[in-house]
Amino acid sequence: SSRWVLIGRKPRPEHLEVTPDPFPTVPHKPTVYADWSTMRWLDRYFTFTRASVGTYLDKKGILKTATAGVPRFHTIYSSGECGLLIEGSRTNLFLRSQEFDAASWTKTAMTVTADSVVAPDGATTADTLVATGGGFANQGVTVSSGATVAISIFAKRSNVNWLRIRVSATNTRSVWFNLATGAIGAAPSTSADLTAFSSSIESLPNGWCRCVVVV
């Protein structure tokens with residue numbers, strides 16, 4: 001059965017949640033109960049800080065930006081699961097990471113048409129990349145020894161199905177992503193300097209995918 005669960009000491013309508021009692025055998029219920037799989041707010045008894053803006057996916061799978069100090073309730077679009085997004089600090093090492101037409105990206109056998117496609121956030125800021133043969137775009141960055149690095153990109157199928165993300169140190173590893181099916185292709189075997197290597201792909205609305213490599 002369902003019941004009203006008190007979220008704050010002085011309840012207001014937005015601080016009540018209809019949900020099965022999570023503590024049916026406990027005689028003294030907790031003063032504050034928060035289930036962020038269904039709730040998308042913070043009760044006033046919680047405090048939250050973040051010094052910078054941050055992005056998240058809303059329940060429709062649209063990429064949103066939260067201002068500094070505002071909590072993010074992120075949705076995994078493929079499953080509909082939602083929760084309060086808590087992350088450690090991150091630094092984007094790529095220069096002009098959303099602008100493949102910028103000089104910071106070296107293009108080999110590739111043409112770029114800037115701001116030609118509606119991006120995951122609803123703005124027309126995504127670039128169209130067309131490669132000839134084995135064409136690619138790359139950018140070198142400096143990474144501290146032993147650091148964990150994630151490479152993440154929002155990509156959408158145009159006239160090809162597969163996207164490759166390649167990571168080079170002394171050796172090179174790469175992984176293929178099928179943007180049409182959401183499948184991940186086989187990755188090369190572990191190399192001496194790229195031993196920890198994982199990848200994932202998440203399907204999003206309007207044909208977009210988020211492809212991630214962690215090394």
# chains A, B, ... in the order shown; residues from 1 in each chain; ligands from 1
$ residues_around --residues "segment 176-188 of chain A" --least-positions-apart "3" --cutoff "12 Å" --atoms "only C-alpha atoms" --output "JSON, numbers by chain"
{"A": [78, 153, 154, 155, 156, 157, 158, 159, 160, 161, 162, 163, 164, 165, 166, 167, 171, 172, 173, 191, 194, 195, 197, 198, 199, 200, 201, 202, 203, 204, 206, 207, 208, 209, 210, 211, 212, 213]}
$ write_last_selection --atoms "N, CA and C atoms" --output "tab-separated table (two decimals), in the first residue's frame"
chain	number	residue	atom	x	y	z
A	78	SER	N	17.94	5.94	-21.22
A	78	SER	CA	17.58	4.61	-21.70
A	78	SER	C	16.75	3.83	-20.70
A	153	ILE	N	32.03	12.18	-25.93
A	153	ILE	CA	31.56	12.96	-27.07
A	153	ILE	C	30.10	12.61	-27.36
A	154	PHE	N	29.33	13.63	-27.70
A	154	PHE	CA	27.97	13.41	-28.21
A	154	PHE	C	28.08	13.29	-29.73
A	155	ALA	N	27.58	12.21	-30.27
A	155	ALA	CA	27.71	11.96	-31.70
A	155	ALA	C	26.37	11.47	-32.27
A	156	LYS	N	26.14	11.80	-33.53
A	156	LYS	CA	24.90	11.41	-34.21
A	156	LYS	C	25.24	10.89	-35.59
A	157	ARG	N	24.59	9.80	-35.97
A	157	ARG	CA	24.84	9.19	-37.28
A	157	ARG	C	24.41	10.13	-38.39
A	158	SER	N	25.24	10.23	-39.42
A	158	SER	CA	24.87	10.94	-40.64
A	158	SER	C	24.83	9.93	-41.78
A	159	ASN	N	25.92	9.83	-42.54
A	159	ASN	CA	25.96	8.85	-43.63
A	159	ASN	C	26.86	7.66	-43.31
A	160	VAL	N	27.38	7.59	-42.09
A	160	VAL	CA	28.16	6.43	-41.65
A	160	VAL	C	27.65	6.00	-40.28
A	161	ASN	N	27.82	4.72	-39.98
A	161	ASN	CA	27.32	4.17	-38.72
A	161	ASN	C	28.34	4.20	-37.59
A	162	TRP	N	29.62	4.11	-37.93
A	162	TRP	CA	30.63	3.87	-36.91
A	162	TRP	C	31.46	5.11	-36.61
A	163	LEU	N	31.75	5.29	-35.32
A	163	LEU	CA	32.65	6.33	-34.82
A	163	LEU	C	33.77	5.65	-34.06
A	164	ARG	N	35.01	6.11	-34.27
A	164	ARG	CA	36.14	5.56	-33.53
A	164	ARG	C	36.76	6.64	-32.65
A	165	ILE	N	37.00	6.30	-31.39
A	165	ILE	CA	37.77	7.14	-30.48
A	165	ILE	C	39.10	6.45	-30.25
A	166	ARG	N	40.18	7.15	-30.54
A	166	ARG	CA	41.52	6.59	-30.41
A	166	ARG	C	42.32	7.37	-29.37
A	167	VAL	N	42.99	6.66	-28.48
A	167	VAL	CA	43.81	7.26	-27.44
A	167	VAL	C	45.26	6.85	-27.69
A	171	ASN	N	51.87	3.98	-26.82
A	171	ASN	CA	51.13	3.07	-27.69
A	171	ASN	C	49.75	3.66	-27.95
A	172	THR	N	48.96	2.96	-28.74
A	172	THR	CA	47.65	3.46	-29.15
A	172	THR	C	46.59	2.40	-28.92
A	173	ARG	N	45.44	2.83	-28.41
A	173	ARG	CA	44.27	1.96	-28.33
A	173	ARG	C	43.07	2.72	-28.85
A	191	SER	N	47.58	-2.39	-23.97
A	191	SER	CA	48.96	-2.02	-24.29
A	191	SER	C	49.69	-1.67	-23.01
A	194	LEU	N	48.57	1.77	-21.55
A	194	LEU	CA	47.13	2.02	-21.49
A	194	LEU	C	46.45	0.77	-20.96
A	195	THR	N	46.75	0.44	-19.72
A	195	THR	CA	46.28	-0.84	-19.17
A	195	THR	C	44.83	-0.79	-18.72
A	197	PHE	N	41.27	0.43	-19.36
A	197	PHE	CA	40.57	0.94	-20.54
A	197	PHE	C	39.14	0.42	-20.51
A	198	SER	N	38.17	1.34	-20.51
A	198	SER	CA	36.77	0.93	-20.56
A	198	SER	C	36.00	1.88	-21.46
A	199	SER	N	34.83	1.47	-21.91
A	199	SER	CA	34.04	2.29	-22.82
A	199	SER	C	32.57	2.05	-22.59
A	200	SER	N	31.75	3.03	-22.99
A	200	SER	CA	30.30	2.91	-22.86
A	200	SER	C	29.64	3.79	-23.91
A	201	ILE	N	28.38	3.47	-24.22
A	201	ILE	CA	27.60	4.27	-25.14
A	201	ILE	C	26.18	4.35	-24.59
A	202	GLU	N	25.58	5.53	-24.64
A	202	GLU	CA	24.21	5.74	-24.17
A	202	GLU	C	23.40	6.38	-25.29
A	203	SER	N	22.27	5.79	-25.62
A	203	SER	CA	21.39	6.33	-26.65
A	203	SER	C	20.54	7.45	-26.07
A	204	LEU	N	20.41	8.55	-26.82
A	204	LEU	CA	19.67	9.73	-26.40
A	204	LEU	C	18.64	10.09	-27.46
A	206	ASN	N	16.49	11.90	-30.52
A	206	ASN	CA	16.81	12.50	-31.82
A	206	ASN	C	18.06	11.90	-32.46
A	207	GLY	N	18.32	10.61	-32.16
A	207	GLY	CA	19.42	9.92	-32.80
A	207	GLY	C	20.79	10.16	-32.21
A	208	TRP	N	20.87	10.92	-31.12
A	208	TRP	CA	22.17	11.20	-30.51
A	208	TRP	C	22.62	10.05	-29.61
A	209	CYS	N	23.93	9.91	-29.50
A	209	CYS	CA	24.55	8.96	-28.57
A	209	CYS	C	25.63	9.69	-27.80
A	210	ARG	N	25.86	9.26	-26.57
A	210	ARG	CA	27.02	9.75	-25.83
A	210	ARG	C	28.01	8.60	-25.74
A	211	CYS	N	29.18	8.79	-26.32
A	211	CYS	CA	30.22	7.76	-26.35
A	211	CYS	C	31.33	8.15	-25.38
A	212	VAL	N	31.75	7.20	-24.56
A	212	VAL	CA	32.74	7.49	-23.51
A	212	VAL	C	33.84	6.44	-23.53
A	213	VAL	N	35.06	6.90	-23.39
A	213	VAL	CA	36.22	6.04	-23.18
A	213	VAL	C	36.93	6.53	-21.92
$ select_by_dssp --residues "segment 86-132 of chain A" --states "strand (DSSP E)" --output "number ranges by chain"
A: 106-117, 126-132
$ write_last_selection --atoms "C-alpha atoms" --output "mmCIF file, in the first residue's frame"
data_model
loop_
_atom_site.group_PDB
_atom_site.id
_atom_site.type_symbol
_atom_site.label_atom_id
_atom_site.label_comp_id
_atom_site.auth_asym_id
_atom_site.auth_seq_id
_atom_site.Cartn_x
_atom_site.Cartn_y
_atom_site.Cartn_z
ATOM 1 C CA THR A 106 43.952 19.159 -36.466
ATOM 2 C CA LYS A 107 41.876 17.793 -39.336
ATOM 3 C CA THR A 108 43.259 15.137 -41.673
ATOM 4 C CA ALA A 109 41.154 14.286 -44.758
ATOM 5 C CA MET A 110 38.137 15.790 -42.990
ATOM 6 C CA THR A 111 35.833 18.745 -43.579
ATOM 7 C CA VAL A 112 33.824 20.465 -40.847
ATOM 8 C CA THR A 113 30.598 22.427 -41.207
ATOM 9 C CA ALA A 114 30.123 24.369 -37.994
ATOM 10 C CA ASP A 115 26.791 24.903 -36.195
ATOM 11 C CA SER A 116 24.864 22.874 -38.765
ATOM 12 C CA VAL A 117 22.888 20.403 -36.611
ATOM 13 C CA ALA A 126 26.615 20.806 -33.379
ATOM 14 C CA ASP A 127 29.166 20.417 -36.179
ATOM 15 C CA THR A 128 28.965 18.091 -39.196
ATOM 16 C CA LEU A 129 32.181 16.116 -39.801
ATOM 17 C CA VAL A 130 32.755 14.412 -43.143
ATOM 18 C CA ALA A 131 35.830 12.188 -43.465
ATOM 19 C CA THR A 132 37.444 10.903 -46.635
#
$ closest_residue --among "A:Ser145, A:Lys64, A:Ala51, A:Gln139" --to "Arg96 of chain A" --atoms "only C-alpha atoms"
A:Gln139
$ atom_distance --atom1 "atom CA of Glu87 of chain A" --atom2 "atom CA of Gly140 of chain A"
25.4 Å
$ atom_distance --atom1 "atom CA of Ser104 of chain A" --atom2 "atom CA of Thr142 of chain A"
13.9 Å
$ residues_around --residues "Leu57 of chain A" --least-positions-apart "6" --cutoff "8 Å" --atoms "only C-alpha atoms" --output "list in words"
Leu63, Lys64, Phe73, His74, Thr75, Ile76 and Tyr77 of chain A
$ residues_around --residues "Gly69 of chain A" --least-positions-apart "5" --cutoff "8 Å" --atoms "only C-alpha atoms" --output "list in words"
Phe48, Thr49, Arg50, Ala51, Ser52 and Val53 of chain A
